[in-house]
Amino acid sequence: MLGKRIGLHLLAAMLILGLAAMDRAIGADANLHITGRLLDANGTRRVPAAMFGVHAFQLTPERLEWGIEMNRIIHAAPGGGPTLKQDRPDRQPLSMIIDCLGDRYHPAPVLTNPNWRQYMTDLGTRYAQRARGHEDYLVVEFWNEPFLNWSTRPGVNYDPKFYEISEAEEGKPMRIRGWDEPLESLVWSRQVRTVDAAGNTNIQAYLAHSYIGHRHPAGYEFEFRNRQYRNVEMWWGRDPTQRSWYSGRQNQLFYDWMLLPFARALKETNPDLKLIAGWDFNFNVGDWHLWRSLYEPTIDNAIEYLDGITEHHYRVNADSVTAWYEVAVAYTVGKHDKWVKVYNTETDGGFDSQLPGNENLRDVDQEHPLRYAARMYTYHTRDVMSLLHHSVDKAAARAKHGNPRGGTPMSGDEAFFRFFKPLRGDLIDITGDDRRIWSVAAINQREVENPKLVVIVFNDHGGERRIEMRIDSPEGTDLTNGTLAEVIVDGEAQRLRITERDIEASGRSATIDARIPGRSAVRLVFPLEGTPPEEPEVYRRQFFAPGILNEITPEEATVMAIAVDRPALENARRAVLRLVLERTGDAGGRMSLNGQAMPVPGASHVVDIPIEISQVREQNTLRFEATRRAYRVAAASIILTGR
């Protein structure tokens, strides 16, 4: 057999198709109903095209044909941008450009510019003025990964040249040159750092230390990028609040001090520009301690100006990522009554080599190009499908990091982008009965004369599942003959291939009975005859319990309140209790909704529990108990879906 369909183990399988006239499939493992009705999910009405974006990726005309929609660009000096499509033909097809102003190896201007507050104000004003007329695709990101090299390898913001070094004494608070008072969370310490041949620290020396110098003691001499460097013991800063290599309290203050005047000027000058900010690490790292100490203060301080918060993840379980997004929006809505979406501005399925401890990790799959390509395709597909299925209303963008790797004619990146290319346009409502079958559907109206219904289904089980899909056409349209596509591994040709086969369909409905291997996806595309509706017919509304990261202990029950809107409740046709759970496995959890008891699921991450509309009130009470050990309810909400 030449081709194998991509799953966790590159499984081979057969596909069985049926039509609307067929009886219900016997023995189906799961059922899906693509209702054909346009969906408004908490104000999100379209597939977020920027989910198919890139970063540090060479855009060529050939690659743009894959279906890339967004490019994230770092301006290392914070005064860069805006990046305008009109200046670069290779960016004309993009629907979004994210301009990131400031990079992790550049010190905070609060240290280098005595008039830093006015400087940040001027940057915001100038960018906003230049961006006028381009607000529909420009997004401004404030700084790249301030959690990392600002604080470690080498700790750019701790360089003694920014401080009154004459006061250096072990453990003594540091004072910025020219400032009257010492800083809150920075003290002097002796450390080994890298200097250039002239004995200076600078961006090149920071890089040399990060890549080589941090592994060696004082006195070590080496060459990096054709320049000579050596390690010396010297005075350097230390933040006592810093955990591991992540920024501590002082960098958090630096970041917010600069963000606020920049954000205020940007929004006052051009309110339509989108501004995103954040620390760019996994939200739950350190058991959420770093979220608490870095993300929450920034969100609280800048909430008036924020349109999104940023994150980076590499080789992370898709379930975890979706859980982060739910918790983040639960926080912004619960504390600030503002729905702030999440923007991924770097991700990939390999190791993040920049994180301390990862530099010596070796991805053995890279020695097997076809296996590597298959894994990358599966990683990106699973990551995106989890977000589109669970949290399409919270995920605004996703940037695949780096150029494609491997020696196959079609990389995993190319297969991913090409597979999802038709998935654009107005969202369609879907119902299903299996929490590990993820799906998304939309009407792609880019070809105005011939709109298409596009459905992608991903089987997240470890093994094959037989899925019966009932597909209804939108009101005012009929289905016509379509195609079913999947990505296969062609072992003989040593490449990935996207295969398509024809599906006969006509009228208002079709039934597809498909066997999908574990961790694999199929794509259905049906051209439509007629004119689909323009306005949503189904509305999904989510109502959060205030407070996140609730620890449920055996000592005392935890009670949460969820208020829902009367109109949403009156129009509801379906209801779901959505929980984000951690460590529930053997905790002996019990819970009740408005007095009605139900078990706490043993599953972690995002769990949707269908409930009867009659169980929901305008004011709802959730009660949680632990009988054996503590577990966590990271977020809780009720989702109502209706006309």
# chains A, B, ... in the order shown; residues from 1 in each chain; ligands from 1

$ select_by_dssp --residues "range 205-239 of chain A" --states "helix (DSSP H, G or I)" --output "list in words"
Ala205, Tyr206, Leu207, Ala208, His209, Ser210, Tyr211, Gly213, His214 and Arg215 of chain A

$ write_last_selection --atoms "N, CA and C atoms" --output "compact mmCIF listing (two decimals), in the first residue's frame"
# COMPACT_ATOMS: atom_id res chain seq x y z
N ALA A 205 27.36 40.93 22.74
CA ALA A 205 27.86 40.18 23.89
C ALA A 205 26.73 39.44 24.61
N TYR A 206 25.55 40.06 24.66
CA TYR A 206 24.39 39.36 25.24
C TYR A 206 24.12 38.07 24.48
N LEU A 207 24.13 38.15 23.15
CA LEU A 207 23.89 36.97 22.32
C LEU A 207 24.98 35.92 22.54
N ALA A 208 26.23 36.37 22.59
CA ALA A 208 27.34 35.44 22.78
C ALA A 208 27.19 34.70 24.11
N HIS A 209 26.80 35.42 25.15
CA HIS A 209 26.60 34.78 26.45
C HIS A 209 25.44 33.79 26.39
N SER A 210 24.37 34.18 25.71
CA SER A 210 23.18 33.34 25.65
C SER A 210 23.45 32.03 24.94
N TYR A 211 24.21 32.08 23.85
CA TYR A 211 24.43 30.89 23.05
C TYR A 211 25.61 30.04 23.53
N GLY A 213 28.48 31.54 26.15
CA GLY A 213 29.15 31.96 27.37
C GLY A 213 28.53 31.42 28.65
N HIS A 214 27.20 31.23 28.69
CA HIS A 214 26.55 30.82 29.92
C HIS A 214 26.97 29.42 30.37
N ARG A 215 27.60 28.66 29.50
CA ARG A 215 28.00 27.30 29.85
C ARG A 215 29.39 27.24 30.50

$ residues_around --residues "Gly155 in chain A" --least-positions-apart "3" --cutoff "9 Å" --atoms "only C-alpha atoms" --output "tab-separated table (two decimals) with all heavy atoms, in the first residue's frame"
chain	number	residue	atom	x	y	z
A	105	TYR	N	16.37	40.87	23.46
A	105	TYR	CA	17.78	41.20	23.68
A	105	TYR	C	18.01	42.71	23.77
A	105	TYR	O	19.12	43.15	24.05
A	105	TYR	CB	18.65	40.61	22.57
A	105	TYR	CG	18.91	39.14	22.73
A	105	TYR	CD1	18.27	38.22	21.91
A	105	TYR	CD2	19.78	38.67	23.70
A	105	TYR	CE1	18.50	36.85	22.06
A	105	TYR	CE2	20.02	37.31	23.85
A	105	TYR	CZ	19.38	36.41	23.03
A	105	TYR	OH	19.61	35.07	23.17
A	148	LEU	N	12.20	36.37	28.98
A	148	LEU	CA	13.38	35.53	28.82
A	148	LEU	C	14.69	36.30	29.00
A	148	LEU	O	15.19	36.43	30.11
A	148	LEU	CB	13.31	34.82	27.46
A	148	LEU	CG	14.36	33.73	27.20
A	148	LEU	CD1	14.40	32.70	28.31
A	148	LEU	CD2	14.08	33.06	25.86
A	149	ASN	N	15.26	36.82	27.93
A	149	ASN	CA	16.61	37.37	28.03
A	149	ASN	C	16.69	38.69	28.79
A	149	ASN	O	17.79	39.12	29.15
A	149	ASN	CB	17.22	37.51	26.64
A	149	ASN	CG	17.22	36.19	25.90
A	149	ASN	OD1	16.38	35.97	25.05
A	149	ASN	ND2	18.12	35.29	26.27
A	150	TRP	N	15.56	39.32	29.03
A	150	TRP	CA	15.57	40.43	29.97
A	150	TRP	C	16.03	39.94	31.35
A	150	TRP	O	16.56	40.72	32.14
A	150	TRP	CB	14.16	41.01	30.10
A	150	TRP	CG	13.86	42.14	29.16
A	150	TRP	CD1	14.59	42.54	28.09
A	150	TRP	CD2	12.72	43.00	29.24
A	150	TRP	NE1	13.98	43.61	27.48
A	150	TRP	CE2	12.84	43.91	28.15
A	150	TRP	CE3	11.64	43.09	30.07
A	150	TRP	CZ2	11.89	44.90	27.92
A	150	TRP	CZ3	10.68	44.08	29.85
A	150	TRP	CH2	10.82	44.98	28.77
A	151	SER	N	15.78	38.66	31.64
A	151	SER	CA	16.00	38.18	33.00
A	151	SER	C	17.09	37.11	33.11
A	151	SER	O	17.59	36.87	34.20
A	151	SER	CB	14.69	37.61	33.56
A	151	SER	OG	14.20	36.58	32.71
A	152	THR	N	17.42	36.45	32.00
A	152	THR	CA	18.43	35.40	32.07
A	152	THR	C	19.16	35.28	30.74
A	152	THR	O	18.68	35.75	29.72
A	152	THR	CB	17.77	34.05	32.44
A	152	THR	OG1	18.77	33.12	32.80
A	152	THR	CG2	16.96	33.48	31.30
A	158	TYR	N	19.62	43.72	33.65
A	158	TYR	CA	20.40	43.74	34.89
A	158	TYR	C	21.84	44.19	34.65
A	158	TYR	O	22.68	44.15	35.56
A	158	TYR	CB	20.41	42.34	35.53
A	158	TYR	CG	19.05	41.73	35.76
A	158	TYR	CD1	18.91	40.35	35.93
A	158	TYR	CD2	17.90	42.50	35.82
A	158	TYR	CE1	17.68	39.77	36.15
A	158	TYR	CE2	16.65	41.93	36.03
A	158	TYR	CZ	16.55	40.56	36.20
A	158	TYR	OH	15.32	39.98	36.41
A	159	ASP	N	22.16	44.60	33.44
A	159	ASP	CA	23.51	45.04	33.07
A	159	ASP	C	23.90	46.24	33.94
A	159	ASP	O	23.17	47.24	34.01
A	159	ASP	CB	23.53	45.43	31.59
A	159	ASP	CG	24.94	45.65	31.06
A	159	ASP	OD1	25.78	46.17	31.80
A	159	ASP	OD2	25.17	45.33	29.88
A	206	TYR	N	25.55	40.06	24.66
A	206	TYR	CA	24.39	39.36	25.24
A	206	TYR	C	24.12	38.07	24.48
A	206	TYR	O	23.87	37.01	25.06
A	206	TYR	CB	23.14	40.23	25.18
A	206	TYR	CG	23.19	41.54	25.93
A	206	TYR	CD1	22.39	42.61	25.52
A	206	TYR	CD2	24.01	41.74	27.04
A	206	TYR	CE1	22.40	43.82	26.18
A	206	TYR	CE2	24.03	42.95	27.71
A	206	TYR	CZ	23.23	44.00	27.27
A	206	TYR	OH	23.24	45.21	27.93
A	236	TRP	N	26.48	42.43	38.64
A	236	TRP	CA	25.28	42.25	37.79
A	236	TRP	C	24.06	42.33	38.69
A	236	TRP	O	24.17	42.30	39.91
A	236	TRP	CB	25.35	40.88	37.09
A	236	TRP	CG	24.57	40.81	35.79
A	236	TRP	CD1	23.34	40.29	35.61
A	236	TRP	CD2	25.01	41.27	34.52
A	236	TRP	NE1	22.97	40.40	34.29
A	236	TRP	CE2	23.98	40.99	33.59
A	236	TRP	CE3	26.17	41.90	34.06
A	236	TRP	CZ2	24.07	41.32	32.24
A	236	TRP	CZ3	26.27	42.21	32.71
A	236	TRP	CH2	25.23	41.93	31.81
A	237	GLY	N	22.91	42.49	38.10
A	237	GLY	CA	21.69	42.58	38.89
A	237	GLY	C	21.07	41.22	39.17
A	237	GLY	O	21.25	40.26	38.43
A	238	ARG	N	20.31	41.17	40.25
A	238	ARG	CA	19.56	39.96	40.61
A	238	ARG	C	18.21	40.37	41.18
A	238	ARG	O	18.13	41.25	42.04
A	238	ARG	CB	20.33	39.12	41.63
A	238	ARG	CG	19.61	37.86	42.08
A	238	ARG	CD	20.47	37.03	43.02
A	238	ARG	NE	20.77	37.74	44.26
A	238	ARG	CZ	19.97	37.78	45.33
A	238	ARG	NH1	18.79	37.17	45.30
A	238	ARG	NH2	20.34	38.44	46.41

$ select_by_dssp --residues "range 90-248 of chain A" --states "strand (DSSP E)" --output "ChimeraX atom specification"
/A:96-101,138-142,187-196,221-224,227-238

$ closest_atom_pairs --of "range 208-293 of chain A" --to "range 540-555 of chain A" --cutoff "10 Å" --atoms "only C-alpha atoms" --output "Markdown table"
| residue | atom | partner | partner_atom | distance |
| --- | --- | --- | --- | --- |
| A:Asp287 | CA | A:Leu549 | CA | 9.9 |
| A:Trp288 | CA | A:Leu549 | CA | 8.3 |
| A:Arg292 | CA | A:Leu549 | CA | 10.0 |

$ closest_residue --among "A:Ala128, A:Pro182, A:Phe147, A:Arg225" --to "Arg243 in chain A" --atoms "only C-alpha atoms"
A:Phe147

$ residues_around --residues "range 43-51 of chain A" --least-positions-apart "3" --cutoff "7 Å" --atoms "only C-alpha atoms" --output "list in words"
Leu39, Asp40, Glu69, Met70, Ser95, Met96, Asp393, Ala396, Ala397, Arg398, Arg424, Gly425, Asp426 and Leu427 of chain A

$ closest_residue --among "A:Ala485, A:Leu111, A:Val559, A:Ile34" --to "Arg418 in chain A" --atoms "only C-alpha atoms"
A:Ala485

$ decode --residues "range 338-379 of chain A" --atoms "N, CA and C atoms" --output "PDB file, in the first residue's frame"
ATOM      1  N   LYS A 338     -14.494  42.440  30.061  1.00  0.00           N
ATOM      2  CA  LYS A 338     -14.002  42.695  28.715  1.00  0.00           C
ATOM      3  C   LYS A 338     -13.478  41.401  28.124  1.00  0.00           C
ATOM      4  N   TRP A 339     -13.994  41.046  26.950  1.00  0.00           N
ATOM      5  CA  TRP A 339     -13.588  39.817  26.269  1.00  0.00           C
ATOM      6  C   TRP A 339     -12.311  40.113  25.484  1.00  0.00           C
ATOM      7  N   VAL A 340     -11.168  39.686  26.008  1.00  0.00           N
ATOM      8  CA  VAL A 340      -9.875  39.938  25.390  1.00  0.00           C
ATOM      9  C   VAL A 340      -9.370  38.628  24.785  1.00  0.00           C
ATOM     10  N   LYS A 341      -9.204  38.595  23.481  1.00  0.00           N
ATOM     11  CA  LYS A 341      -8.804  37.370  22.802  1.00  0.00           C
ATOM     12  C   LYS A 341      -7.303  37.108  22.974  1.00  0.00           C
ATOM     13  N   VAL A 342      -6.909  35.886  22.616  1.00  0.00           N
ATOM     14  CA  VAL A 342      -5.516  35.457  22.749  1.00  0.00           C
ATOM     15  C   VAL A 342      -4.904  35.328  21.358  1.00  0.00           C
ATOM     16  N   TYR A 343      -3.700  35.856  21.214  1.00  0.00           N
ATOM     17  CA  TYR A 343      -2.949  35.801  19.960  1.00  0.00           C
ATOM     18  C   TYR A 343      -1.694  34.980  20.187  1.00  0.00           C
ATOM     19  N   ASN A 344      -1.580  33.860  19.503  1.00  0.00           N
ATOM     20  CA  ASN A 344      -0.296  33.166  19.494  1.00  0.00           C
ATOM     21  C   ASN A 344       0.592  33.846  18.457  1.00  0.00           C
ATOM     22  N   THR A 345       1.794  34.241  18.850  1.00  0.00           N
ATOM     23  CA  THR A 345       2.688  34.889  17.895  1.00  0.00           C
ATOM     24  C   THR A 345       3.956  34.079  17.639  1.00  0.00           C
ATOM     25  N   GLU A 346       4.041  32.871  18.205  1.00  0.00           N
ATOM     26  CA  GLU A 346       5.085  31.902  17.853  1.00  0.00           C
ATOM     27  C   GLU A 346       4.637  30.523  18.310  1.00  0.00           C
ATOM     28  N   THR A 347       4.721  29.547  17.423  1.00  0.00           N
ATOM     29  CA  THR A 347       4.483  28.164  17.825  1.00  0.00           C
ATOM     30  C   THR A 347       5.152  27.230  16.833  1.00  0.00           C
ATOM     31  N   ASP A 348       5.468  26.042  17.302  1.00  0.00           N
ATOM     32  CA  ASP A 348       5.966  25.001  16.410  1.00  0.00           C
ATOM     33  C   ASP A 348       5.894  23.677  17.149  1.00  0.00           C
ATOM     34  N   GLY A 349       6.052  22.600  16.400  1.00  0.00           N
ATOM     35  CA  GLY A 349       5.977  21.276  16.983  1.00  0.00           C
ATOM     36  C   GLY A 349       7.301  20.734  17.468  1.00  0.00           C
ATOM     37  N   GLY A 350       8.355  21.522  17.379  1.00  0.00           N
ATOM     38  CA  GLY A 350       9.662  21.116  17.885  1.00  0.00           C
ATOM     39  C   GLY A 350       9.972  21.781  19.206  1.00  0.00           C
ATOM     40  N   PHE A 351      11.168  21.525  19.712  1.00  0.00           N
ATOM     41  CA  PHE A 351      11.593  22.131  20.967  1.00  0.00           C
ATOM     42  C   PHE A 351      11.896  23.614  20.766  1.00  0.00           C
ATOM     43  N   ASP A 352      11.614  24.418  21.786  1.00  0.00           N
ATOM     44  CA  ASP A 352      12.041  25.810  21.773  1.00  0.00           C
ATOM     45  C   ASP A 352      13.479  25.854  22.271  1.00  0.00           C
ATOM     46  N   SER A 353      14.411  25.919  21.342  1.00  0.00           N
ATOM     47  CA  SER A 353      15.830  25.832  21.693  1.00  0.00           C
ATOM     48  C   SER A 353      16.314  27.028  22.492  1.00  0.00           C
ATOM     49  N   GLN A 354      15.544  28.116  22.518  1.00  0.00           N
ATOM     50  CA  GLN A 354      15.976  29.307  23.245  1.00  0.00           C
ATOM     51  C   GLN A 354      15.756  29.190  24.751  1.00  0.00           C
ATOM     52  N   LEU A 355      14.905  28.263  25.177  1.00  0.00           N
ATOM     53  CA  LEU A 355      14.682  28.114  26.611  1.00  0.00           C
ATOM     54  C   LEU A 355      15.880  27.435  27.262  1.00  0.00           C
ATOM     55  N   PRO A 356      16.378  27.981  28.365  1.00  0.00           N
ATOM     56  CA  PRO A 356      17.478  27.327  29.069  1.00  0.00           C
ATOM     57  C   PRO A 356      17.125  25.874  29.382  1.00  0.00           C
ATOM     58  N   GLY A 357      18.090  24.997  29.140  1.00  0.00           N
ATOM     59  CA  GLY A 357      17.867  23.580  29.347  1.00  0.00           C
ATOM     60  C   GLY A 357      17.502  22.825  28.088  1.00  0.00           C
ATOM     61  N   ASN A 358      17.060  23.554  27.053  1.00  0.00           N
ATOM     62  CA  ASN A 358      16.651  22.902  25.815  1.00  0.00           C
ATOM     63  C   ASN A 358      17.730  22.890  24.746  1.00  0.00           C
ATOM     64  N   GLU A 359      18.833  23.611  24.991  1.00  0.00           N
ATOM     65  CA  GLU A 359      19.798  23.808  23.913  1.00  0.00           C
ATOM     66  C   GLU A 359      20.454  22.510  23.446  1.00  0.00           C
ATOM     67  N   ASN A 360      20.481  21.496  24.308  1.00  0.00           N
ATOM     68  CA  ASN A 360      21.136  20.244  23.922  1.00  0.00           C
ATOM     69  C   ASN A 360      20.141  19.155  23.516  1.00  0.00           C
ATOM     70  N   LEU A 361      18.859  19.494  23.496  1.00  0.00           N
ATOM     71  CA  LEU A 361      17.867  18.500  23.094  1.00  0.00           C
ATOM     72  C   LEU A 361      17.972  18.237  21.595  1.00  0.00           C
ATOM     73  N   ARG A 362      17.805  16.994  21.219  1.00  0.00           N
ATOM     74  CA  ARG A 362      17.905  16.619  19.819  1.00  0.00           C
ATOM     75  C   ARG A 362      16.594  16.001  19.373  1.00  0.00           C
ATOM     76  N   ASP A 363      16.027  16.514  18.298  1.00  0.00           N
ATOM     77  CA  ASP A 363      14.791  15.979  17.742  1.00  0.00           C
ATOM     78  C   ASP A 363      15.164  14.865  16.765  1.00  0.00           C
ATOM     79  N   VAL A 364      15.079  13.632  17.226  1.00  0.00           N
ATOM     80  CA  VAL A 364      15.541  12.509  16.399  1.00  0.00           C
ATOM     81  C   VAL A 364      14.707  12.365  15.132  1.00  0.00           C
ATOM     82  N   ASP A 365      13.472  12.853  15.146  1.00  0.00           N
ATOM     83  CA  ASP A 365      12.642  12.739  13.946  1.00  0.00           C
ATOM     84  C   ASP A 365      13.225  13.517  12.771  1.00  0.00           C
ATOM     85  N   GLN A 366      14.045  14.537  13.048  1.00  0.00           N
ATOM     86  CA  GLN A 366      14.617  15.303  11.947  1.00  0.00           C
ATOM     87  C   GLN A 366      15.580  14.462  11.113  1.00  0.00           C
ATOM     88  N   GLU A 367      16.033  13.351  11.676  1.00  0.00           N
ATOM     89  CA  GLU A 367      16.887  12.446  10.914  1.00  0.00           C
ATOM     90  C   GLU A 367      16.070  11.576   9.955  1.00  0.00           C
ATOM     91  N   HIS A 368      14.744  11.648  10.075  1.00  0.00           N
ATOM     92  CA  HIS A 368      13.837  10.874   9.222  1.00  0.00           C
ATOM     93  C   HIS A 368      12.834  11.851   8.609  1.00  0.00           C
ATOM     94  N   PRO A 369      13.171  12.467   7.482  1.00  0.00           N
ATOM     95  CA  PRO A 369      12.387  13.584   6.938  1.00  0.00           C
ATOM     96  C   PRO A 369      10.895  13.302   6.794  1.00  0.00           C
ATOM     97  N   LEU A 370      10.528  12.119   6.332  1.00  0.00           N
ATOM     98  CA  LEU A 370       9.112  11.840   6.135  1.00  0.00           C
ATOM     99  C   LEU A 370       8.381  11.749   7.468  1.00  0.00           C
ATOM    100  N   ARG A 371       9.000  11.094   8.443  1.00  0.00           N
ATOM    101  CA  ARG A 371       8.385  10.999   9.768  1.00  0.00           C
ATOM    102  C   ARG A 371       8.263  12.384  10.402  1.00  0.00           C
ATOM    103  N   TYR A 372       9.283  13.202  10.218  1.00  0.00           N
ATOM    104  CA  TYR A 372       9.246  14.556  10.770  1.00  0.00           C
ATOM    105  C   TYR A 372       8.129  15.368  10.115  1.00  0.00           C
ATOM    106  N   ALA A 373       8.011  15.277   8.798  1.00  0.00           N
ATOM    107  CA  ALA A 373       6.962  16.019   8.096  1.00  0.00           C
ATOM    108  C   ALA A 373       5.583  15.591   8.578  1.00  0.00           C
ATOM    109  N   ALA A 374       5.394  14.281   8.746  1.00  0.00           N
ATOM    110  CA  ALA A 374       4.100  13.781   9.208  1.00  0.00           C
ATOM    111  C   ALA A 374       3.785  14.284  10.608  1.00  0.00           C
ATOM    112  N   ARG A 375       4.805  14.281  11.475  1.00  0.00           N
ATOM    113  CA  ARG A 375       4.577  14.755  12.844  1.00  0.00           C
ATOM    114  C   ARG A 375       4.233  16.234  12.876  1.00  0.00           C
ATOM    115  N   MET A 376       4.932  17.037  12.070  1.00  0.00           N
ATOM    116  CA  MET A 376       4.645  18.468  12.049  1.00  0.00           C
ATOM    117  C   MET A 376       3.230  18.745  11.539  1.00  0.00           C
ATOM    118  N   TYR A 377       2.825  18.044  10.496  1.00  0.00           N
ATOM    119  CA  TYR A 377       1.456  18.221   9.994  1.00  0.00           C
ATOM    120  C   TYR A 377       0.441  17.890  11.090  1.00  0.00           C
ATOM    121  N   THR A 378       0.656  16.761  11.772  1.00  0.00           N
ATOM    122  CA  THR A 378      -0.292  16.347  12.804  1.00  0.00           C
ATOM    123  C   THR A 378      -0.298  17.331  13.964  1.00  0.00           C
ATOM    124  N   TYR A 379       0.891  17.797  14.365  1.00  0.00           N
ATOM    125  CA  TYR A 379       0.950  18.754  15.482  1.00  0.00           C
ATOM    126  C   TYR A 379       0.152  20.016  15.161  1.00  0.00           C
TER     127      TYR A 379
END
